[in-house]
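Colleague: One structure is given below, represented as structure tokens, and several questions about it will come after.
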Amino acid sequence: MCELFGMSCQTPDRASKSLTSFQELSRGNPDGWGLAYYQDGHVVIEKEAKDAASSQKFTNLIQNVKSNIIIAHLRLATRGEVCTNNCHPFPRSSFNRDWVFAHNGTISNIAHHQFSHGTTDSEQVFHKMIDDIESYMHQSQFHGLYPGIKQSIKNLFETYSRTITFNFLLSDGSVLYAFNHYLGTPLYIASREKDYGGAVVISTEKLHSRDYSEWKQLPKDRVILIADGRILVLSNKI
């Protein structure tokens, strides 16, 4: 199954050590890679429909990209052909923010969304989540993105049942959101506190890096919010 990586840090920084370790996982996930980061509040996404281990472009990016938030994905194709449009992460603009999403798992029988450029179930569920967040935000006077995200997850469970495999990383450029509903490939979290700024990393694998604390598994079915390299919220179970 696909691999996920996310980092939130206090000041724009590279994740070269962790992403070099992450890159090695592409040998078992050869069908594409994607890397998303933010510049001046706008998301930049680089992708290739090939394994990251043999990609000089991926190697160059992880050595040079600096951002407060970085999301990366290694694809093992289960739904949709092997092509660049089916590589994660996926972008969408909403509420004057550039959203980006990467997913690990499978959701069957989800309809194609009008905003999708590819054919994966992952891209369709991302757009459905944003639609649901937008709908929630316009329902009442008191609203917020965080409860909107929780409601979008509840809607997915109600529509497709809790049997779906569903881990994701989501960001609007300010906050990194993570959700773990696939314990066959769980998400792990580690932190770094050094003079040049704190950081939090989330990954489907316990990556090799001496800079970070011991990896711990994220609790199932709870949304975690991370901003500026610090955990802000860990939700109740959804």
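Labels for the structure tokens follow display order: chains A, B, ..., residues from 1 in each chain, ligands from 1.
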Just the residues within 9 Å of Leu4 (chain A), please, counting only C-alpha atoms, with nothing from its chain fewer than 3 positions along; format it as a list in words.
Modeller: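 Neighbouring residues, sequence-local ones excluded: Phe22, Ile71, Ala72, His73, Leu74, Ala102, His103, Asn104, Asn167, Phe168, Leu169, Leu187, Ile202, Ser203, Thr204 and Glu205 of chain A.
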Colleague: Please provide as number ranges by chain all residues within 9 Å of Leu25 (chain A), with the sequence filter that same-chain residues fewer than 2 positions apart are discarded (counting only C-alpha atoms).
Modeller: A: 3, 21-23, 27-30, 52-53, 74, 205
Colleague: I need the strand (DSSP E) residues of region 43-178 of chain A per DSSP on the backbone, written as a VMD selection string.
Modeller: chain A and resid 43 to 48 67 to 74 90 to 94 97 to 106 165 to 171 176 to 178
Colleague: Excluding Gly105 (chain A) and its own-chain neighbours fewer than 6 positions away, which residues fall within 8 Å of it when counting only C-alpha atoms? Please give them as a count of residues only.
Modeller: 8
Colleague: DSSP on the backbone, helix (DSSP H, G or I) only: what residues of region 3-131 of chain A does that give? Format it as an MDAnalysis selection string.
Modeller: chainID A and resid 16:28 52:54 56:64 84:86 121:131
Colleague: Which distance in Å separates CA of Leu35 (chain A) and CA of Ser108 (chain A), to one decimal?
Modeller: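 According to the coordinates, CA of Leu35 (chain A) and CA of Ser108 (chain A) are separated by 25.4 Å.
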Colleague: Please identify all polymer residues within 7 Å of region 44-49 of chain A, counting only C-alpha atoms, omitting same-chain residues fewer than 4 positions from it, and present them as a PyMOL selection string.
Modeller: chain A and resi 31-38+82-84+87
Colleague: Could you list, as a tab-separated table (two decimals) with C-alpha atoms, in the first residue's frame, every residue within 10 Å of Asp98 (chain A), counting only C-alpha atoms and ignoring same-chain residues fewer than 3 positions away?
Modeller:
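The resulting file, out11.tsv, is shown below:
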chain	number	residue	atom	x	y	z
A	38	TYR	CA	4.28	26.03	0.19
A	41	GLY	CA	1.16	30.88	0.95
A	42	HIS	CA	0.67	29.01	-2.31
A	43	VAL	CA	1.16	25.29	-2.81
A	44	VAL	CA	3.72	23.91	-5.25
A	91	PRO	CA	-4.60	20.31	-4.87
A	92	ARG	CA	-7.74	22.43	-4.62
A	93	SER	CA	-8.36	26.08	-3.77
A	94	SER	CA	-11.14	26.84	-1.27
A	95	PHE	CA	-11.74	29.67	1.23
A	171	SER	CA	-3.09	20.92	4.70
A	172	ASP	CA	-4.22	24.44	3.88
A	173	GLY	CA	-0.72	25.88	4.17
A	174	SER	CA	-1.10	26.82	7.83
Colleague: Which residues are close to Phe101 (chain A), i.e. within 6 Å by only C-alpha atoms, leaving aside same-chain residues fewer than 2 positions away? Reply as JSON, numbers by chain.
Modeller: {"A": [89, 90, 169, 170]}
Colleague: Kindly export the residues of the current selection with all heavy atoms, as a compact mmCIF listing (two decimals), in the first residue's frame.
Modeller:
# COMPACT_ATOMS: atom_id res chain seq x y z
N PRO A 89 0.38 14.27 -4.05
CA PRO A 89 -0.82 14.87 -3.47
C PRO A 89 -1.67 15.58 -4.54
O PRO A 89 -1.17 15.89 -5.63
CB PRO A 89 -0.26 15.88 -2.46
CG PRO A 89 1.16 15.52 -2.26
CD PRO A 89 1.61 14.92 -3.57
N PHE A 90 -2.93 15.87 -4.16
CA PHE A 90 -3.87 16.55 -5.03
C PHE A 90 -4.19 17.94 -4.48
O PHE A 90 -4.32 18.10 -3.26
CB PHE A 90 -5.16 15.74 -5.15
CG PHE A 90 -4.93 14.33 -5.61
CD1 PHE A 90 -5.02 13.27 -4.72
CD2 PHE A 90 -4.61 14.06 -6.94
CE1 PHE A 90 -4.80 11.97 -5.14
CE2 PHE A 90 -4.39 12.75 -7.37
CZ PHE A 90 -4.49 11.70 -6.47
N LEU A 169 -3.27 12.75 4.90
CA LEU A 169 -2.64 14.01 5.30
C LEU A 169 -3.29 15.12 4.50
O LEU A 169 -3.49 14.99 3.28
CB LEU A 169 -1.14 13.98 5.03
CG LEU A 169 -0.32 12.93 5.77
CD1 LEU A 169 1.13 12.95 5.30
CD2 LEU A 169 -0.38 13.17 7.28
N LEU A 170 -3.61 16.22 5.16
CA LEU A 170 -4.32 17.33 4.55
C LEU A 170 -3.73 18.62 5.09
O LEU A 170 -3.43 18.72 6.28
CB LEU A 170 -5.81 17.24 4.91
CG LEU A 170 -6.73 18.39 4.50
CD1 LEU A 170 -6.96 18.39 2.99
CD2 LEU A 170 -8.08 18.26 5.24
Colleague: Between A:Lys50, A:Arg192, A:Val233, A:Arg222, which residue has the minimum interatomic distance to Asn86 (chain A), considering only C-alpha atoms?
Modeller: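 Among the listed residues, A:Lys50 lies closest to Asn86 (chain A).
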